[in-house]
Amino acid sequence: MAKLRILVAEDNLVHASKMEMILDELGYDLIGIFDNEMEMLRMFNATLPDLVILDIDLKDTDDGVTIAGKMNSIRPTPIIFATSFVDKETISRALRTDPYAYLIKPIEKPSLQAAIELAVFKLGKKDQEASVGKFAGWSEDLVLNESFFIKSGSKLVKVTWADIRWIEVSQDRYCEIVSDKRSFQIRSSMNQLEEKLDPTVFVRIHRSHIVNIEKVDGVDDVDMVVEVGEKSLPLGGAYKNNLMNRLRLL
């Protein structure tokens with residue numbers, strides 16, 4: 001499990017301090033707060049954050065709308081615009097870029113959390129515009145940038161594929177993701193989840209189990225189990241040949 005990593009552009013010390021405090025309370029990882037385009041883009045390139053909160057009106061630099069375009073040319077990333085101005089021209093200029101979310105300062109904790117959820121959701125659903133239009137709060141979990149983004153309590157958590165040991169059916173329409181540190185429940189059927197996963201990383205071994213191929217320690221083709229650490233997972237006959245072929249390629 002990893003914290004959502006967030007980069008912030010803000011040149012007002014009061015707003016920057018409040019942003020830092022709120023993000024800490026929400027349990028997210030603040031990479032840094034920058035007040036100019038050069039440092040912001042340098043850190044964006046170096047860290048590839050999960051999300052960016054961008055002041056539209058940074059002083060002595062290109063505006064946030066232009067900076068957002070530069071970032072997305074490097075790597076599509078959910079960006080939340082923030083501004084102290086509510087005039088029609090500023091809002092219209094920002095909305096023309098189809099932002100993932102938009103906040104009016106001073107920013108409060110509930111509105112920031114809602115904006116973070118909306119921004120991540122919209123990036124995950126960018127090819128399904130109809131679904132985005134129905135967003136009314138986090139109601140389904142996403143596979144995005146080789147990670148799962150899952151609602152845990154009041155915040156989003158990021159579970160990278162490399163940390164996942166296996167995935168199993170927990171109940172109808174739900175799967176359990178077992179990582180190196182803990183387990184999470186995700187709102188998806190096994191078949192839907194398999195379609196979204198990279199087949200070079202994950203392999204189906206049973207109608208109720210998918211395993212990270214790098215985590216496989218052994219296969220018992222007599223007892224029909226796959227060993228992952230101290231855990232023995234069931235191996236279905238229909239999935240055996242595919243698994244063995246995959247292991248031979250490693």
# chains A, B, ... in the order shown; residues from 1 in each chain; ligands from 1
$ closest_atom_pairs --of "stretch 24-61 of chain A" --to "stretch 101-116 of chain A" --cutoff "9 Å" --atoms "only C-alpha atoms" --output "Markdown table"
| residue | atom | partner | partner_atom | distance |
| --- | --- | --- | --- | --- |
| A:Glu25 | CA | A:Lys109 | CA | 8.6 |
| A:Leu26 | CA | A:Gln113 | CA | 7.6 |
| A:Leu51 | CA | A:Ile116 | CA | 7.9 |
$ write_last_selection --atoms "all heavy atoms" --output "PDB file, in the first residue's frame"
ATOM      1  N   GLU A  25      -3.679  15.789   7.245  1.00  0.00           N
ATOM      2  CA  GLU A  25      -4.831  15.250   7.977  1.00  0.00           C
ATOM      3  C   GLU A  25      -5.552  14.172   7.167  1.00  0.00           C
ATOM      4  O   GLU A  25      -6.054  13.191   7.726  1.00  0.00           O
ATOM      5  CB  GLU A  25      -5.810  16.377   8.322  1.00  0.00           C
ATOM      6  CG  GLU A  25      -5.294  17.334   9.387  1.00  0.00           C
ATOM      7  CD  GLU A  25      -6.244  18.495   9.616  1.00  0.00           C
ATOM      8  OE1 GLU A  25      -7.255  18.604   8.877  1.00  0.00           O
ATOM      9  OE2 GLU A  25      -5.985  19.306  10.531  1.00  0.00           O
ATOM     10  N   LEU A  26      -5.593  14.341   5.847  1.00  0.00           N
ATOM     11  CA  LEU A  26      -6.259  13.362   4.987  1.00  0.00           C
ATOM     12  C   LEU A  26      -5.426  12.100   4.788  1.00  0.00           C
ATOM     13  O   LEU A  26      -5.927  11.081   4.318  1.00  0.00           O
ATOM     14  CB  LEU A  26      -6.576  13.996   3.621  1.00  0.00           C
ATOM     15  CG  LEU A  26      -7.690  15.050   3.617  1.00  0.00           C
ATOM     16  CD1 LEU A  26      -7.758  15.738   2.257  1.00  0.00           C
ATOM     17  CD2 LEU A  26      -9.043  14.421   3.949  1.00  0.00           C
ATOM     18  N   LEU A  51      -1.168  13.018  -8.491  1.00  0.00           N
ATOM     19  CA  LEU A  51      -2.131  14.104  -8.645  1.00  0.00           C
ATOM     20  C   LEU A  51      -1.430  15.433  -8.412  1.00  0.00           C
ATOM     21  O   LEU A  51      -0.474  15.509  -7.624  1.00  0.00           O
ATOM     22  CB  LEU A  51      -3.284  13.911  -7.636  1.00  0.00           C
ATOM     23  CG  LEU A  51      -4.443  14.897  -7.677  1.00  0.00           C
ATOM     24  CD1 LEU A  51      -5.771  14.162  -7.459  1.00  0.00           C
ATOM     25  CD2 LEU A  51      -4.290  15.962  -6.590  1.00  0.00           C
TER      26      LEU A  51
END
$ residues_around --residues "A:Asp163" --least-positions-apart "3" --cutoff "8 Å" --atoms "only C-alpha atoms" --output "PDB file with C-alpha atoms, in the first residue's frame"
ATOM      1  CA  MET A   1       0.000   0.000   0.000  1.00  0.00           C
ATOM      2  CA  VAL A 159      -1.863  -0.257  -4.228  1.00  0.00           C
ATOM      3  CA  THR A 160       0.829  -0.820  -6.845  1.00  0.00           C
ATOM      4  CA  SER A 179      -0.602  -7.276  -0.883  1.00  0.00           C
ATOM      5  CA  ASP A 180       2.681  -7.650   0.964  1.00  0.00           C
TER       6      ASP A 180
END
$ select_by_dssp --residues "stretch 15-250 of chain A" --states "strand (DSSP E)" --output "ChimeraX atom specification"
/A:29-34,51-55,79-83,101-104,142-144,147-152,155-160,164-171,174-179,183-187,202-206,209-212,218-220,225-228,231-234
$ residues_around --residues "A:Lys240" --least-positions-apart "6" --cutoff "9 Å" --atoms "only C-alpha atoms" --output "tab-separated table (two decimals) with all heavy atoms, in the first residue's frame"
chain	number	residue	atom	x	y	z
A	205	ILE	N	-5.29	-18.41	-12.19
A	205	ILE	CA	-4.94	-19.79	-11.85
A	205	ILE	C	-6.15	-20.62	-11.42
A	205	ILE	O	-6.04	-21.83	-11.23
A	205	ILE	CB	-3.87	-19.83	-10.73
A	205	ILE	CG1	-4.38	-19.16	-9.45
A	205	ILE	CG2	-2.57	-19.19	-11.21
A	205	ILE	CD1	-3.48	-19.37	-8.24
A	206	HIS	N	-7.27	-19.95	-11.25
A	206	HIS	CA	-8.48	-20.62	-10.78
A	206	HIS	C	-9.63	-19.66	-11.06
A	206	HIS	O	-9.43	-18.46	-11.24
A	206	HIS	CB	-8.36	-20.91	-9.27
A	206	HIS	CG	-9.42	-21.80	-8.72
A	206	HIS	ND1	-10.59	-21.30	-8.17
A	206	HIS	CD2	-9.48	-23.16	-8.59
A	206	HIS	CE1	-11.32	-22.31	-7.75
A	206	HIS	NE2	-10.69	-23.45	-7.99
A	221	ASP	N	1.66	-29.80	-9.16
A	221	ASP	CA	0.66	-30.21	-10.14
A	221	ASP	C	0.01	-31.55	-9.80
A	221	ASP	O	-0.78	-32.09	-10.58
A	221	ASP	CB	1.24	-30.23	-11.56
A	221	ASP	CG	2.42	-31.17	-11.71
A	221	ASP	OD1	2.77	-31.83	-10.71
A	221	ASP	OD2	2.99	-31.23	-12.81
A	224	MET	N	-2.39	-29.84	-7.08
A	224	MET	CA	-3.00	-28.74	-7.82
A	224	MET	C	-3.12	-27.48	-6.96
A	224	MET	O	-4.18	-26.93	-6.70
A	224	MET	CB	-4.38	-29.15	-8.36
A	224	MET	CG	-4.32	-30.25	-9.40
A	224	MET	SD	-3.44	-29.74	-10.92
A	224	MET	CE	-4.70	-28.74	-11.70
$ select_by_dssp --residues "stretch 21-207 of chain A" --states "alpha helix (DSSP H)" --output "MDAnalysis selection string"
chainID A and resid 21:26 37:47 64:74 88:95 109:124 129:133 190:196
$ closest_residue --among "A:Gly153, A:Pro99, A:Pro78, A:Gly237" --to "A:Leu123" --atoms "only C-alpha atoms"
A:Pro78
$ atom_distance --atom1 "atom CA of A:Gly229" --atom2 "atom CA of A:Arg165"
9.1 Å
$ closest_residue --among "A:Ser152, A:Thr47, A:Gln171, A:Asn242" --to "A:Ser183" --atoms "only C-alpha atoms"
A:Ser152
$ atom_distance --atom1 "atom CA of A:Ser147" --atom2 "atom CA of A:Ala162"
8.6 Å
$ residues_around --residues "stretch 189-204 of chain A" --least-positions-apart "5" --cutoff "6 Å" --atoms "only C-alpha atoms" --output "number ranges by chain"
A: 173-174, 210-213
$ atom_distance --atom1 "atom CA of A:Asn72" --atom2 "atom CA of A:Ala2"
22.7 Å
